[in-house]
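Next comes structure_8.cif, with mmCIF, C-alpha atoms.
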```cif
data_model
#
loop_
_atom_site.label_atom_id
_atom_site.label_comp_id
_atom_site.auth_asym_id
_atom_site.auth_seq_id
_atom_site.Cartn_x
_atom_site.Cartn_y
_atom_site.Cartn_z
CA MET A 1 -15.39 22.06 -10.62
CA LEU A 2 -17.04 18.91 -9.28
CA PRO A 3 -15.14 17.43 -6.34
CA VAL A 4 -13.67 13.92 -6.34
CA VAL A 5 -12.24 11.82 -3.50
CA GLU A 6 -8.75 12.78 -2.34
CA PRO A 7 -6.61 10.14 -4.08
CA LEU A 8 -8.27 11.04 -7.39
CA ALA A 9 -8.15 14.80 -6.71
CA ARG A 10 -4.33 14.63 -6.43
CA PHE A 11 -4.25 12.72 -9.71
CA LEU A 12 -6.59 14.79 -11.93
CA PRO A 13 -5.12 17.88 -13.65
CA ALA A 14 -7.61 20.34 -12.12
CA GLY A 15 -8.07 18.49 -8.83
CA GLY A 16 -11.61 17.46 -9.79
CA LEU A 17 -13.98 17.08 -12.71
CA ARG A 18 -13.97 20.32 -14.66
CA ARG A 19 -17.47 21.43 -15.64
CA GLY A 20 -18.10 21.50 -19.38
CA THR A 21 -15.76 18.60 -20.14
CA THR A 22 -16.17 15.09 -21.44
CA VAL A 23 -14.46 12.24 -19.60
CA ALA A 24 -14.13 8.76 -21.13
CA LEU A 25 -13.93 5.58 -19.03
CA PRO A 26 -13.14 2.60 -21.31
CA ALA A 27 -14.96 -0.61 -20.40
CA VAL A 28 -12.15 -2.53 -18.67
CA PRO A 29 -11.98 -4.37 -15.32
CA GLY A 30 -12.19 -1.80 -12.54
CA ALA A 31 -14.11 0.79 -14.58
CA THR A 32 -17.31 0.49 -12.53
CA SER A 33 -15.42 0.94 -9.25
CA LEU A 34 -13.67 4.00 -10.71
CA LEU A 35 -17.02 5.34 -11.93
CA LEU A 36 -18.59 4.99 -8.46
CA ALA A 37 -15.56 6.66 -6.86
CA LEU A 38 -15.99 9.62 -9.25
CA LEU A 39 -19.72 9.89 -8.54
CA ALA A 40 -19.46 9.60 -4.75
CA GLU A 41 -17.81 12.89 -3.84
CA ALA A 42 -19.73 14.87 -6.46
CA SER A 43 -23.11 13.62 -5.20
CA ALA A 44 -22.07 14.08 -1.55
CA GLY A 45 -21.16 17.66 -2.43
CA GLY A 46 -24.68 18.34 -3.71
CA ALA A 47 -24.30 17.56 -7.42
CA TRP A 48 -27.13 15.85 -9.28
CA VAL A 49 -26.01 12.76 -11.17
CA GLY A 50 -27.75 10.95 -14.04
CA VAL A 51 -26.81 7.52 -15.40
CA VAL A 52 -28.13 6.46 -18.83
CA GLY A 53 -27.93 2.99 -20.35
CA ARG A 54 -26.40 1.10 -17.43
CA PRO A 55 -29.02 -1.41 -16.20
CA GLY A 56 -26.46 -3.43 -14.24
CA LEU A 57 -25.42 -0.56 -12.00
CA GLY A 58 -26.00 -1.85 -8.48
CA LEU A 59 -27.58 0.65 -6.11
CA LEU A 60 -26.22 -1.16 -3.06
CA ALA A 61 -22.69 -0.98 -4.50
CA ALA A 62 -23.23 2.70 -5.34
CA ALA A 63 -24.41 3.47 -1.80
CA GLU A 64 -21.50 1.54 -0.29
CA ALA A 65 -19.11 3.57 -2.48
CA GLY A 66 -20.60 6.78 -1.06
CA VAL A 67 -22.96 7.81 -3.86
CA ARG A 68 -25.95 9.73 -2.48
CA LEU A 69 -28.86 7.81 -3.97
CA GLU A 70 -31.30 10.69 -3.42
CA ARG A 71 -29.19 12.73 -5.89
CA LEU A 72 -29.03 9.95 -8.51
CA ALA A 73 -31.34 9.59 -11.53
CA LEU A 74 -31.25 6.29 -13.42
CA VAL A 75 -32.45 5.61 -16.95
CA PRO A 76 -31.35 1.98 -17.30
CA HIS A 77 -33.03 1.23 -20.66
CA PRO A 78 -33.26 4.36 -22.85
CA GLY A 79 -33.85 2.23 -25.96
CA ALA A 80 -33.67 4.19 -29.19
CA ASP A 81 -33.84 7.46 -27.21
CA LEU A 82 -30.29 7.37 -25.78
CA MET A 83 -29.38 10.70 -27.38
CA ALA A 84 -32.60 12.47 -26.38
CA VAL A 85 -32.42 11.19 -22.81
CA THR A 86 -28.76 12.18 -22.45
CA VAL A 87 -29.42 15.68 -23.84
CA ALA A 88 -32.35 16.13 -21.45
CA LEU A 89 -30.27 15.04 -18.45
CA LEU A 90 -27.42 17.37 -19.46
CA ASP A 91 -29.93 20.22 -19.26
CA GLY A 92 -30.69 19.56 -15.60
CA MET A 93 -27.89 17.49 -14.04
CA ASP A 94 -24.36 18.34 -12.99
CA LEU A 95 -22.84 15.02 -14.08
CA VAL A 96 -24.29 12.65 -16.68
CA VAL A 97 -22.96 9.14 -17.29
CA VAL A 98 -23.80 7.60 -20.66
CA SER A 99 -23.23 3.95 -21.52
CA GLY A 100 -24.01 1.92 -24.61
CA ALA A 101 -23.30 4.66 -27.15
CA ALA A 102 -21.72 2.21 -29.61
CA ARG A 103 -24.73 -0.16 -29.36
CA ALA A 104 -27.11 2.75 -29.89
CA GLY A 105 -25.27 3.86 -33.02
CA VAL A 106 -24.06 7.20 -31.64
CA ARG A 107 -22.02 8.78 -34.44
CA ALA A 108 -19.14 11.28 -34.26
CA ALA A 109 -21.55 14.18 -34.88
CA ASP A 110 -23.73 12.97 -31.98
CA ARG A 111 -20.70 12.79 -29.66
CA GLN A 112 -19.77 16.33 -30.63
CA ARG A 113 -23.33 17.49 -30.01
CA LEU A 114 -23.34 15.95 -26.52
CA ALA A 115 -19.93 17.44 -25.70
CA ALA A 116 -21.15 20.87 -26.85
CA ARG A 117 -24.28 20.53 -24.71
CA ALA A 118 -22.16 19.63 -21.66
CA ARG A 119 -19.97 22.71 -22.28
CA GLN A 120 -23.00 24.94 -22.77
CA ARG A 121 -24.73 23.74 -19.59
CA GLY A 122 -21.60 23.49 -17.45
CA ALA A 123 -22.14 19.77 -16.86
CA VAL A 124 -19.68 16.90 -16.95
CA LEU A 125 -20.35 14.18 -19.52
CA LEU A 126 -18.84 10.90 -18.40
CA ALA A 127 -18.86 8.31 -21.19
CA LEU A 128 -18.48 4.60 -20.44
CA GLY A 129 -16.71 2.90 -23.32
CA GLN A 130 -14.71 4.32 -26.19
CA TRP A 131 -15.38 8.02 -26.78
CA PRO A 132 -13.07 9.59 -29.38
CA GLY A 133 -12.65 13.30 -28.77
CA ALA A 134 -13.06 13.17 -24.98
CA ASP A 135 -11.18 15.87 -23.07
CA VAL A 136 -9.81 13.30 -20.62
CA GLU A 137 -9.63 9.51 -20.56
CA LEU A 138 -9.32 7.55 -17.33
CA SER A 139 -8.68 3.82 -17.60
CA CYS A 140 -7.77 0.96 -15.30
CA ALA A 141 -5.00 -1.57 -15.87
CA ASP A 142 -3.09 -4.19 -13.91
CA THR A 143 -6.07 -5.02 -11.72
CA ARG A 144 -5.48 -7.52 -8.94
CA TRP A 145 -7.85 -8.53 -6.15
CA GLN A 146 -6.54 -8.90 -2.59
CA GLY A 147 -7.95 -10.74 0.39
CA LEU A 148 -7.91 -14.43 -0.40
CA GLU A 149 -5.25 -16.15 1.66
CA ALA A 150 -4.32 -19.68 0.58
CA GLY A 151 -7.64 -20.02 -1.26
CA ALA A 152 -9.86 -18.98 1.65
CA GLY A 153 -11.22 -15.68 2.92
CA ARG A 154 -12.98 -12.72 1.36
CA LEU A 155 -12.02 -10.32 -1.36
CA CYS A 156 -11.46 -7.00 0.41
CA SER A 157 -9.75 -4.70 -2.09
CA ARG A 158 -8.53 -4.47 -5.66
CA ARG A 159 -5.21 -2.90 -6.60
CA VAL A 160 -5.49 -0.95 -9.87
CA ARG A 161 -3.20 1.24 -11.94
CA VAL A 162 -5.31 4.18 -13.11
CA GLN A 163 -4.05 5.86 -16.27
CA LEU A 164 -4.90 9.43 -17.26
CA ARG A 165 -4.58 10.92 -20.74
CA GLY A 166 -5.94 14.05 -22.34
CA ARG A 167 -5.95 17.82 -22.20
CA GLY A 168 -3.87 19.37 -19.44
CA VAL A 169 -1.78 16.20 -19.08
CA ALA A 170 1.71 15.50 -20.45
CA PRO A 171 1.65 13.57 -23.76
CA ALA A 172 2.82 10.39 -22.03
CA GLY A 173 -0.08 10.66 -19.61
CA ARG A 174 0.11 9.95 -15.92
CA ALA A 175 -0.61 6.93 -13.76
CA ALA A 176 -1.35 6.22 -10.10
CA ARG A 177 -1.82 3.05 -8.11
CA LEU A 178 -5.06 2.93 -6.16
CA LEU A 179 -7.21 0.50 -4.25
CA LEU A 180 -10.65 0.37 -5.92
CA PRO A 181 -12.44 -0.54 -3.69
CA ALA A 182 -10.35 -0.15 -0.55
CA PRO A 183 -11.17 -1.73 2.81
CA GLY A 184 -13.76 0.55 4.40
CA SER A 185 -13.89 3.08 1.54
CA ALA A 186 -14.41 3.42 -2.19
CA VAL A 187 -10.81 4.38 -3.02
CA ALA A 188 -7.43 4.75 -1.37
CA GLY A 189 -3.95 5.55 -2.59
CA VAL A 190 -1.20 2.92 -2.58
CA ALA A 191 2.27 3.88 -1.40
CA GLU A 192 4.88 3.52 -4.14
CA SER A 193 6.91 0.97 -2.20
CA ALA A 194 3.78 -1.16 -1.71
CA ALA A 195 2.77 -0.65 -5.34
CA GLU A 196 5.96 -2.21 -6.58
CA GLN A 197 5.63 -5.37 -4.51
CA PRO A 198 4.40 -8.47 -6.35
#
```
Let's see the structure in the file written out as structure tokens.
Amino acid sequence: MLPVVEPLARFLPAGGLRRGTTVALPAVPGATSLLLALLAEASAGGAWVGVVGRPGLGLLAAAEAGVRLERLALVPHPGADLMAVTVALLDGMDLVVVSGAARAGVRAADRQRLAARARQRGAVLLALGQWPGADVELSCADTRWQGLEAGAGRLCSRRVRVQLRGRGVAPAGRAARLLLPAPGSAVAGVAESAAEQP
């Protein structure tokens, strides 16, 4: 099991990212913040993390979210070698993020091959974008920034409803309200009474 920050640990079926699984993060507002929150605790716990095909991933934002940069390998432009690079990283990393699979023409058989490699190596494959067949899907909805008062100030947090679907979860899925990012940290839970306020 790869650890995740507390608000996400209470939310995930196994309390963390189960090794050998594939997790999909659809490309919606809030997905990058959720991604960094998932990477932070794993890398702080000693896991090696690889990110393939995400040239816009900001290292400053990653560090501020708690990702240990010395445990992070980036391959921002894999070109036509997306599959080969991802397979190679799955052989040596604990958690591998892959982005741009649709652009690279990754087919269903390729997705199955990557999922099998993750299972075989005991790694977590975290796919950004649509990934049919993923064990778990985490997505963000109802995103709303907080911090601007009467048109002035600074954005300090974003309220998000995180939805979870997949194996080990009831068919209807489950949802939690989180702050991604939260003031002073990458993620924080939102009390139900506060979550229902407009």
Can you pull out the residues contacting Val87 in chain A? Cut-off 10 Å, using only C-alpha atoms, and skip same-chain residues under 2 positions away; I want them as number ranges by chain.
A: 81-85, 89-92, 96, 113-115, 117-118
All residues 9 Å or closer to Pro183 in chain A, all atoms listed in the file, same chain fewer than 5 positions away omitted, as a list in words
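With the cut-off at 9 Å, the set is Cys156, Ser157 and Ala188 of chain A.
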For a quick check of understanding, using only C-alpha atoms, which of A:Val52, A:Leu36, A:Leu17, A:Ala47 has the smallest distance to Glu64 in chain A?
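Nearest candidate to Glu64 in chain A out of A:Val52, A:Leu36, A:Leu17, A:Ala47: A:Leu36.
The residue that comes closest to Ala31 in chain A, out of A:Pro13, A:Gly105, A:Pro181, A:Gly168 and on the basis of only C-alpha atoms, is A:Pro181.
You will find CA of Arg54 in chain A at 12.4 Å from CA of Thr86 in chain A.
Within the file as shown, the PyMOL selection byres ((chain A and resi 18) around 9) identifies Met1, Leu2, Pro3, Ala14, Gly15, Gly16, Leu17, Arg19, Gly20, Thr21, Thr22, Gly122, Ala123 and Val124 of chain A.
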Residue IDs satisfying the PyMOL selection byres ((chain A and resi 35) around 10), as number ranges by chain
A: 25, 30-34, 36-40, 62, 65, 97, 126-128, 138
Rounded to one decimal in Å, what is the spacing between CA of Met93 in chain A and CA of Ala182 in chain A?
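Going from CA of Met93 in chain A over to CA of Ala182 in chain A covers 28.3 Å.
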Spatial neighbours of Gln146 in chain A, 9 Å, all atoms listed in the file, chain gap at least 3 places, as a list in words:
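Selected residues are Glu149, Arg154, Leu155, Cys156, Ser157, Arg158 and Arg159 of chain A.
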Please measure the separation of CA of Leu59 in chain A and CA of Phe11 in chain A, giving the value in Å to one decimal.
26.5 Å
With the PyMOL selection byres ((chain A and resi 69) around 12) as the selection, what would be picked from this file? Answer as a list in words, please.
Leu36, Leu39, Ala40, Ala42, Ser43, Ala44, Gly46, Ala47, Trp48, Val49, Gly50, Val51, Gly58, Leu59, Leu60, Ala61, Ala62, Ala63, Glu64, Ala65, Gly66, Val67, Arg68, Glu70, Arg71, Leu72, Ala73 and Leu74 of chain A
Restricting the calculation to all atoms listed in the file: of A:Gly184, A:Pro29, A:Pro78, A:Gly129, which residue gets closest to Ala102 in chain A?
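Answer, going by the shortest atom-to-atom distance: A:Gly129.
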Residue nearest Ser185 in chain A among A:Gln112, A:Glu41, A:Ala24, A:Leu148 (counting only C-alpha atoms):
A:Glu41
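You can rank A:Val136, A:Leu95, A:Ala116, A:Ala27 by their closest distance to Gly173 in chain A using all atoms listed in the file, and at the top of that list sits A:Val136.
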Nearest residue to Asp110 in chain A out of A:Trp131, A:Gly45, A:Pro76, A:Arg144, using all atoms listed in the file?
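Among A:Trp131, A:Gly45, A:Pro76, A:Arg144, it is A:Trp131 that comes nearest to Asp110 in chain A.
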Find the residues with any atom within 6 Å of (-2.5, 4.0, -10.9); use only C-alpha atoms and the coordinates as given in the file, and write the answer as a VMD selection string.
chain A and resid 160 to 163 175 to 178
Please define a box with edges along x, y and z of the file around all atoms of range 26-32 of chain A given in the file, extend it by 8 Å on each side, and return its centre and edge lengths in Å to one decimal, as lines of an AutoDock Vina configuration file.
```
center_x = -14.6
center_y = -0.9
center_z = -16.9
size_x = 21.3
size_y = 23.0
size_z = 24.8
```
